[in-house]
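Source file: entry_16.cif (mmCIF, C-alpha atoms and all ligand atoms)
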data_my_file
loop_
_atom_site.label_atom_id
_atom_site.label_comp_id
_atom_site.auth_asym_id
_atom_site.auth_seq_id
_atom_site.Cartn_x
_atom_site.Cartn_y
_atom_site.Cartn_z
CA MET X 15 0.00 0.00 0.00
CA THR X 16 1.33 3.41 -1.00
CA ARG X 17 0.82 6.27 1.45
CA ILE X 18 2.35 9.59 0.55
CA LEU X 19 3.41 12.59 2.63
CA LEU X 20 3.35 15.73 0.49
CA LEU X 21 5.30 18.64 1.99
CA GLY X 22 3.63 21.74 0.61
CA GLY X 23 3.40 25.50 0.71
CA THR X 24 3.82 26.19 -3.01
CA THR X 25 1.63 26.39 -6.12
CA GLU X 26 3.37 23.23 -7.37
CA ALA X 27 2.40 21.34 -4.22
CA SER X 28 -1.24 22.35 -4.71
CA THR X 29 -1.14 21.16 -8.34
CA LEU X 30 0.32 17.83 -7.25
CA ALA X 31 -2.25 17.49 -4.45
CA LYS X 32 -5.01 17.84 -7.04
CA ALA X 33 -3.43 15.15 -9.24
CA LEU X 34 -2.99 12.75 -6.30
CA ALA X 35 -6.59 13.28 -5.20
CA GLU X 36 -7.88 12.74 -8.73
CA ALA X 37 -5.85 9.54 -8.97
CA GLY X 38 -7.46 8.39 -5.70
CA MET X 39 -4.08 8.02 -3.98
CA ASP X 40 -3.68 7.84 -0.23
CA ALA X 41 -1.78 10.99 0.71
CA VAL X 42 -1.41 13.54 3.51
CA PHE X 43 -0.69 17.19 2.73
CA SER X 44 1.52 19.09 5.17
CA TYR X 45 1.70 22.84 5.76
CA ALA X 46 4.17 24.59 8.04
CA GLY X 47 1.40 26.89 9.27
CA ARG X 48 2.99 30.16 8.20
CA THR X 49 -0.15 31.77 6.75
CA ALA X 50 -3.41 32.49 8.55
CA LYS X 51 -5.65 30.99 5.87
CA PRO X 52 -3.75 28.38 3.86
CA VAL X 53 -5.23 27.31 0.53
CA SER X 54 -7.51 24.33 1.22
CA GLN X 55 -6.37 21.07 -0.35
CA PRO X 56 -8.28 18.09 -1.78
CA LEU X 57 -6.28 15.79 0.54
CA PRO X 58 -6.31 15.21 4.31
CA THR X 59 -4.18 18.07 5.65
CA ARG X 60 -1.99 18.48 8.72
CA ILE X 61 -0.51 21.82 9.82
CA GLY X 62 2.66 22.57 11.80
CA GLY X 63 6.25 21.40 12.17
CA PHE X 64 7.17 17.79 12.90
CA GLY X 65 9.87 18.57 15.45
CA GLY X 66 13.00 18.42 13.29
CA ALA X 67 14.33 15.45 11.34
CA GLU X 68 13.77 13.10 14.29
CA GLY X 69 10.17 14.20 14.67
CA LEU X 70 9.59 13.71 10.97
CA ALA X 71 11.16 10.22 11.03
CA ALA X 72 8.83 9.31 13.91
CA TYR X 73 5.84 10.72 12.01
CA LEU X 74 6.71 8.64 8.93
CA LYS X 75 6.61 5.50 11.08
CA THR X 76 3.47 6.32 13.04
CA GLU X 77 1.57 7.30 9.91
CA SER X 78 2.90 4.34 7.84
CA ILE X 79 4.18 6.72 5.14
CA THR X 80 5.75 4.85 2.21
CA HIS X 81 6.84 7.88 0.07
CA VAL X 82 7.65 11.54 0.72
CA VAL X 83 7.38 14.25 -1.92
CA ASP X 84 9.05 17.50 -0.91
CA ALA X 85 7.25 20.24 -2.82
CA THR X 86 8.27 23.04 -0.45
CA HIS X 87 9.67 26.36 -1.66
CA PRO X 88 13.31 26.18 -2.85
CA PHE X 89 14.21 28.52 0.05
CA ALA X 90 12.65 26.20 2.66
CA ALA X 91 16.09 24.62 3.09
CA GLN X 92 15.62 23.49 6.69
CA MET X 93 12.50 21.47 5.88
CA SER X 94 14.15 19.95 2.80
CA THR X 95 17.28 19.02 4.77
CA ASN X 96 15.14 17.45 7.50
CA ALA X 97 13.24 15.47 4.87
CA VAL X 98 16.47 14.03 3.42
CA GLN X 99 17.71 13.03 6.89
CA ALA X 100 14.38 11.64 8.14
CA CYS X 101 13.73 9.61 5.00
CA ALA X 102 17.26 8.16 5.13
CA ALA X 103 16.77 7.22 8.79
CA ALA X 104 13.32 5.71 8.21
CA GLY X 105 14.17 4.03 4.89
CA VAL X 106 11.39 5.89 3.08
CA PRO X 107 11.96 6.98 -0.55
CA LEU X 108 11.98 10.76 -1.10
CA CYS X 109 11.82 12.97 -4.15
CA ALA X 110 11.63 16.73 -4.51
CA PHE X 111 9.15 18.37 -6.85
CA GLU X 112 11.10 21.47 -7.77
CA ARG X 113 10.73 24.19 -10.35
CA PRO X 114 13.84 25.23 -12.30
CA ALA X 115 15.50 28.46 -11.19
CA TRP X 116 14.71 31.61 -13.20
CA GLN X 117 17.35 32.66 -15.76
CA ALA X 118 18.04 36.23 -16.82
CA GLY X 119 17.06 36.97 -20.42
CA GLU X 120 17.67 39.78 -22.88
CA GLY X 121 16.82 43.16 -21.40
CA ASP X 122 17.12 41.95 -17.78
CA HIS X 123 19.42 43.82 -15.39
CA TRP X 124 20.03 41.24 -12.68
CA LEU X 125 22.67 41.32 -10.02
CA HIS X 126 23.16 37.80 -8.66
CA VAL X 127 23.87 37.46 -4.94
CA ASP X 128 24.07 34.35 -2.79
CA SER X 129 22.44 35.44 0.46
CA ILE X 130 20.02 37.89 2.03
CA ASP X 131 22.93 39.80 3.59
CA ALA X 132 24.57 40.11 0.18
CA ALA X 133 21.29 41.50 -1.19
CA VAL X 134 21.31 44.15 1.56
CA ASP X 135 24.91 45.05 0.65
CA ALA X 136 23.97 45.27 -3.03
CA LEU X 137 21.40 48.01 -2.42
CA PRO X 138 22.73 51.52 -3.04
CA ASP X 139 23.77 53.86 -0.24
CA THR X 140 21.63 56.69 -1.59
CA PRO X 141 17.88 56.45 -0.80
CA ALA X 142 15.99 54.14 -3.13
CA ARG X 143 12.47 52.74 -3.39
CA VAL X 144 12.80 48.99 -3.12
CA PHE X 145 10.24 46.30 -3.94
CA LEU X 146 11.29 43.71 -1.37
CA ALA X 147 9.54 40.70 -2.84
CA ILE X 148 10.86 38.10 -0.39
CA GLY X 149 7.89 37.42 1.90
CA LYS X 150 7.89 38.22 5.60
CA GLN X 151 11.01 36.34 6.69
CA ASN X 152 14.44 38.00 6.57
CA LEU X 153 13.12 41.57 6.72
CA THR X 154 15.29 42.35 9.76
CA GLN X 155 18.52 42.29 7.76
CA PHE X 156 17.27 45.17 5.60
CA ALA X 157 17.10 47.41 8.69
CA ALA X 158 20.84 47.87 8.03
CA LYS X 159 19.81 50.15 5.12
CA PRO X 160 17.16 52.37 6.76
CA GLN X 161 17.54 55.10 4.13
CA HIS X 162 15.37 53.14 1.67
CA HIS X 163 11.63 52.92 1.35
CA TYR X 164 10.52 49.27 1.17
CA LEU X 165 7.40 47.99 -0.58
CA LEU X 166 6.47 44.64 0.96
CA ARG X 167 3.98 42.21 -0.52
CA LEU X 168 2.67 39.85 2.16
CA VAL X 169 -0.02 37.16 2.29
CA ASP X 170 -1.32 38.26 5.73
CA GLU X 171 -1.40 41.58 7.59
CA PRO X 172 1.72 41.70 9.80
CA ASP X 173 0.84 40.61 13.35
CA ALA X 174 3.82 42.42 14.91
CA PRO X 175 5.55 45.74 14.23
CA LEU X 176 7.79 45.53 11.15
CA PRO X 177 11.55 45.78 11.69
CA LEU X 178 11.84 48.37 8.87
CA MET X 179 11.17 52.08 9.27
CA HIS X 180 9.84 53.18 5.89
CA THR X 181 7.51 50.60 4.46
CA THR X 182 4.33 50.21 2.46
CA VAL X 183 2.60 46.87 2.84
CA GLU X 184 0.57 45.36 0.04
CA ILE X 185 -1.54 42.37 1.09
CA ALA X 186 -1.93 39.93 -1.80
CA ARG X 187 -1.61 36.25 -2.61
CA GLY X 188 -0.18 35.05 -5.94
CA PRO X 189 -0.19 34.13 -8.73
CA PHE X 190 0.50 37.66 -10.02
CA ASP X 191 0.41 39.06 -13.54
CA VAL X 192 2.71 41.40 -15.41
CA ALA X 193 0.16 44.21 -15.88
CA GLY X 194 -0.66 44.21 -12.16
CA ASP X 195 2.99 44.08 -11.08
CA SER X 196 4.02 46.85 -13.53
CA ALA X 197 1.22 49.07 -12.25
CA LEU X 198 2.20 48.30 -8.63
CA MET X 199 5.85 49.21 -9.24
CA GLN X 200 4.95 52.41 -11.10
CA ARG X 201 2.44 53.44 -8.44
CA HIS X 202 5.12 53.13 -5.76
CA GLY X 203 7.94 54.66 -7.83
CA ILE X 204 10.05 51.51 -7.43
CA THR X 205 13.73 51.85 -8.38
CA HIS X 206 15.03 48.38 -7.34
CA VAL X 207 13.54 44.88 -7.00
CA VAL X 208 14.90 42.29 -4.56
CA ALA X 209 13.76 38.71 -5.29
CA LYS X 210 14.52 35.15 -4.20
CA ASN X 211 15.15 32.85 -7.15
CA ALA X 212 12.03 30.80 -6.52
CA GLY X 213 11.41 29.83 -10.15
CA GLY X 214 7.93 28.93 -11.40
CA ALA X 215 5.25 31.01 -13.05
CA GLY X 216 3.28 32.36 -10.10
CA ALA X 217 5.86 34.91 -8.94
CA ALA X 218 7.69 35.59 -12.22
CA ALA X 219 5.54 38.56 -13.26
CA LYS X 220 7.60 41.00 -11.18
CA LEU X 221 10.70 40.08 -13.20
CA THR X 222 9.00 40.71 -16.52
CA ALA X 223 7.60 43.95 -15.11
CA ALA X 224 11.09 44.99 -13.93
CA ARG X 225 12.50 44.27 -17.40
CA THR X 226 9.76 46.30 -19.06
CA LEU X 227 10.34 49.21 -16.68
CA GLY X 228 14.15 48.93 -17.01
CA LEU X 229 14.61 48.29 -13.27
CA PRO X 230 17.53 46.41 -11.71
CA VAL X 231 16.75 43.14 -9.91
CA ILE X 232 18.89 41.88 -7.05
CA MET X 233 18.40 38.13 -7.42
CA ILE X 234 19.15 35.96 -4.40
CA GLY X 235 20.40 32.47 -5.32
CA ARG X 236 18.95 29.32 -3.77
CA PRO X 237 20.33 27.88 -0.54
CA ASP X 238 22.07 24.50 -0.63
CA VAL X 239 20.06 21.38 0.17
CA PRO X 240 21.47 17.82 0.40
CA ALA X 241 21.20 15.83 -2.84
CA ARG X 242 17.91 14.05 -3.53
CA PRO X 243 16.11 12.96 -6.71
CA ILE X 244 14.41 15.96 -8.30
CA LYS X 245 11.27 15.79 -10.45
CA GLY X 246 10.18 18.76 -12.51
CA SER X 247 6.55 17.97 -13.31
CA VAL X 248 3.47 16.30 -11.88
CA ALA X 249 3.82 13.53 -14.48
CA GLU X 250 7.42 12.85 -13.38
CA VAL X 251 6.39 12.66 -9.73
CA MET X 252 3.51 10.29 -10.57
CA ALA X 253 5.88 8.08 -12.57
CA TRP X 254 8.38 8.06 -9.68
CA LEU X 255 5.60 7.06 -7.27
CA SER X 256 4.43 4.18 -9.40
CA HIS X 257 8.00 2.95 -10.12
CA SER X 258 9.08 3.01 -6.50
CA ALA X 259 5.79 1.45 -5.39
CA ALA X 260 6.35 -1.36 -7.88
N1 LIG P 301 11.08 30.37 2.44
C1 LIG P 301 10.35 30.98 1.52
O1 LIG P 301 10.76 31.96 0.87
C2 LIG P 301 8.94 30.49 1.22
C3 LIG P 301 8.21 31.11 0.23
C4 LIG P 301 6.93 30.64 -0.07
C5 LIG P 301 6.41 29.57 0.62
N2 LIG P 301 7.17 28.97 1.58
C6 LIG P 301 6.58 27.82 2.29
O2 LIG P 301 6.45 28.18 3.64
C7 LIG P 301 6.72 27.06 4.48
C8 LIG P 301 7.80 27.43 5.48
O3 LIG P 301 8.97 27.83 4.77
P1 LIG P 301 10.29 28.16 5.56
O4 LIG P 301 11.24 28.79 4.62
O5 LIG P 301 9.97 28.79 6.87
O6 LIG P 301 10.80 26.67 5.85
P2 LIG P 301 12.13 26.17 6.60
O7 LIG P 301 12.86 27.32 7.16
O8 LIG P 301 12.84 25.25 5.69
O9 LIG P 301 11.48 25.28 7.74
C9 LIG P 301 11.49 25.66 9.11
C10 LIG P 301 10.63 24.65 9.84
O10 LIG P 301 9.25 24.82 9.50
C11 LIG P 301 8.60 23.55 9.46
N3 LIG P 301 8.10 23.33 8.11
C12 LIG P 301 8.49 23.92 6.94
N4 LIG P 301 7.74 23.50 5.91
C13 LIG P 301 6.86 22.60 6.43
C14 LIG P 301 5.81 21.83 5.87
N5 LIG P 301 5.49 21.91 4.56
N6 LIG P 301 5.11 21.01 6.70
C15 LIG P 301 5.40 20.96 8.03
N7 LIG P 301 6.37 21.69 8.61
C16 LIG P 301 7.08 22.49 7.82
C17 LIG P 301 9.63 22.53 9.89
O11 LIG P 301 9.53 22.47 11.30
P3 LIG P 301 10.00 21.18 12.13
O12 LIG P 301 11.50 21.20 12.13
O13 LIG P 301 9.39 21.38 13.46
O14 LIG P 301 9.46 19.96 11.41
C18 LIG P 301 10.93 23.20 9.48
O15 LIG P 301 12.07 22.74 10.15
C19 LIG P 301 7.12 25.91 3.57
O16 LIG P 301 6.01 25.06 3.46
C20 LIG P 301 7.44 26.58 2.24
O17 LIG P 301 7.10 25.75 1.15
C21 LIG P 301 8.41 29.41 1.91
#
I'd like the structure from this file rewritten - as structure tokens, please.
Amino acid sequence: MTRILLLGGTTEASTLAKALAEAGMDAVFSYAGRTAKPVSQPLPTRIGGFGGAEGLAAYLKTESITHVVDATHPFAAQMSTNAVQACAAAGVPLCAFERPAWQAGEGDHWLHVDSIDAAVDALPDTPARVFLAIGKQNLTQFAAKPQHHYLLRLVDEPDAPLPLMHTTVEIARGPFDVAGDSALMQRHGITHVVAKNAGGAGAAAKLTAARTLGLPVIMIGRPDVPARPIKGSVAEVMAWLSHSAA
């Protein structure tokens, strides 16, 4: 009997959840619990951390999980590392469902950096208007450049004071489109965009908008995660599930 744990929190995870439900597969969807109203899924859903790699390994046993699909965000490196360790310890096959990283194209002005701190350093010293499109984590580091105005796009209203002085908060949930993102950037007089290289379609509109408006993008590269098999489409994940089940 196949019983899948799907680690979610991305558009790709929701797409896969739909496919698993339609195929009538036994699967549990897992959210970290970061947003107040997570998208509801067509699968039984659990919310909250497992308690590190050990907690996850114990969960895999208790819940008789036979396969884990890690469809978390490419920047959710802790969860992905825990999944590799827990699956190795429990002897449960794991694959990641991961979207390819975005690549700069003609007309893009990207500055590649490898960490949040490097993105802060890359911002100019003179006051700028920055679209900080990185979610709610890691805002604190940008307090080192208080001269800038930061436009934040968040899923939920902040439940605590923000660590940045000059901010405008836009509450919105993706996917976003180019017309909307161009209008947003023009309305706020944006001069710089800071983005995590998430890949995928849902959050790519800001990059096309930045290209159209001739704005520089400070692109933060993905964190390292231990090696695991990577599948790039729902069909590939489904094939992996049926091969390893066989
Ligand atoms: N990081 C981003 O930029 C970003 C962007 C969009 C969406 N997300 C989504 O937001 C969630 C949290 O991301 P993060 O960057 O905070 O992760 P993280 O730093 O890698 O994970 C921190 C801890 O959160 C718990 N966790 C993370 N994802 C989980 C899941 N799907 N189910 C159950 N527990 C989970 C785990 O707690 P325990 O150790 O207690 O098990 C994990 O150790 C993920 O589901 C991710 O897909 C993240």
Can you list, as a PyMOL selection string, every protein, DNA or RNA residue that comes within 12 Å of Ile18 in chain X when you count only C-alpha atoms, leaving out same-chain residues fewer than 5 positions away?
chain X and resi 30-31+34-35+38-44+57-59+74+77-84+106-109+251-252+254-256+258-259
Do a neighbour search on Val144 in chain X at 10 Å with all atoms listed in the file, toss out local chain neighbours closer than 4 positions, and write the hits as a PyMOL selection string.
chain X and resi 137+162-166+181+199+202-208+231
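Taking CA of Glu68 in chain X and CA of Ser129 in chain X as endpoints, the distance between them is 27.7 Å.
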At most 6 Å from ligand LIG 301 (chain P) (only C-alpha atoms and all ligand atoms): residue list as JSON, numbers by chain
{"X": [21, 22, 23, 24, 44, 45, 46, 62, 63, 64, 65, 66, 86, 87, 89, 90, 91, 92, 93]}
Next, write the just-selected residues to a file, as a short mmCIF file (atom, residue, chain, number, x, y, z; two decimals), keeping the file's coordinate frame, keeping C-alpha atoms as the atom set.
data_model
loop_
_atom_site.label_atom_id
_atom_site.label_comp_id
_atom_site.auth_asym_id
_atom_site.auth_seq_id
_atom_site.Cartn_x
_atom_site.Cartn_y
_atom_site.Cartn_z
CA LEU X 21 5.30 18.64 1.99
CA GLY X 22 3.63 21.74 0.61
CA GLY X 23 3.40 25.50 0.71
CA THR X 24 3.82 26.19 -3.01
CA SER X 44 1.52 19.09 5.17
CA TYR X 45 1.70 22.84 5.76
CA ALA X 46 4.17 24.59 8.04
CA GLY X 62 2.66 22.57 11.80
CA GLY X 63 6.25 21.40 12.17
CA PHE X 64 7.17 17.79 12.90
CA GLY X 65 9.87 18.57 15.45
CA GLY X 66 13.00 18.42 13.29
CA THR X 86 8.27 23.04 -0.45
CA HIS X 87 9.67 26.36 -1.66
CA PHE X 89 14.21 28.52 0.05
CA ALA X 90 12.65 26.20 2.66
CA ALA X 91 16.09 24.62 3.09
CA GLN X 92 15.62 23.49 6.69
CA MET X 93 12.50 21.47 5.88
#
Nearest residue to His126 in chain X from the set X:Arg236, X:Arg113, X:His180, X:Arg225 (distances using all atoms listed in the file):
X:Arg236
Using all atoms listed in the file, can you tell me which of X:Leu168, X:Ala241, X:Ala223, X:Val134 comes closest to Ala147 in chain X?
X:Leu168
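Coordinates place CA of Pro114 in chain X at a distance of 7.0 Å from CA of Gly214 in chain X.
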Length of the CA of Asp191 in chain X to CA of Ala215 in chain X vector [Å]
9.4 Å
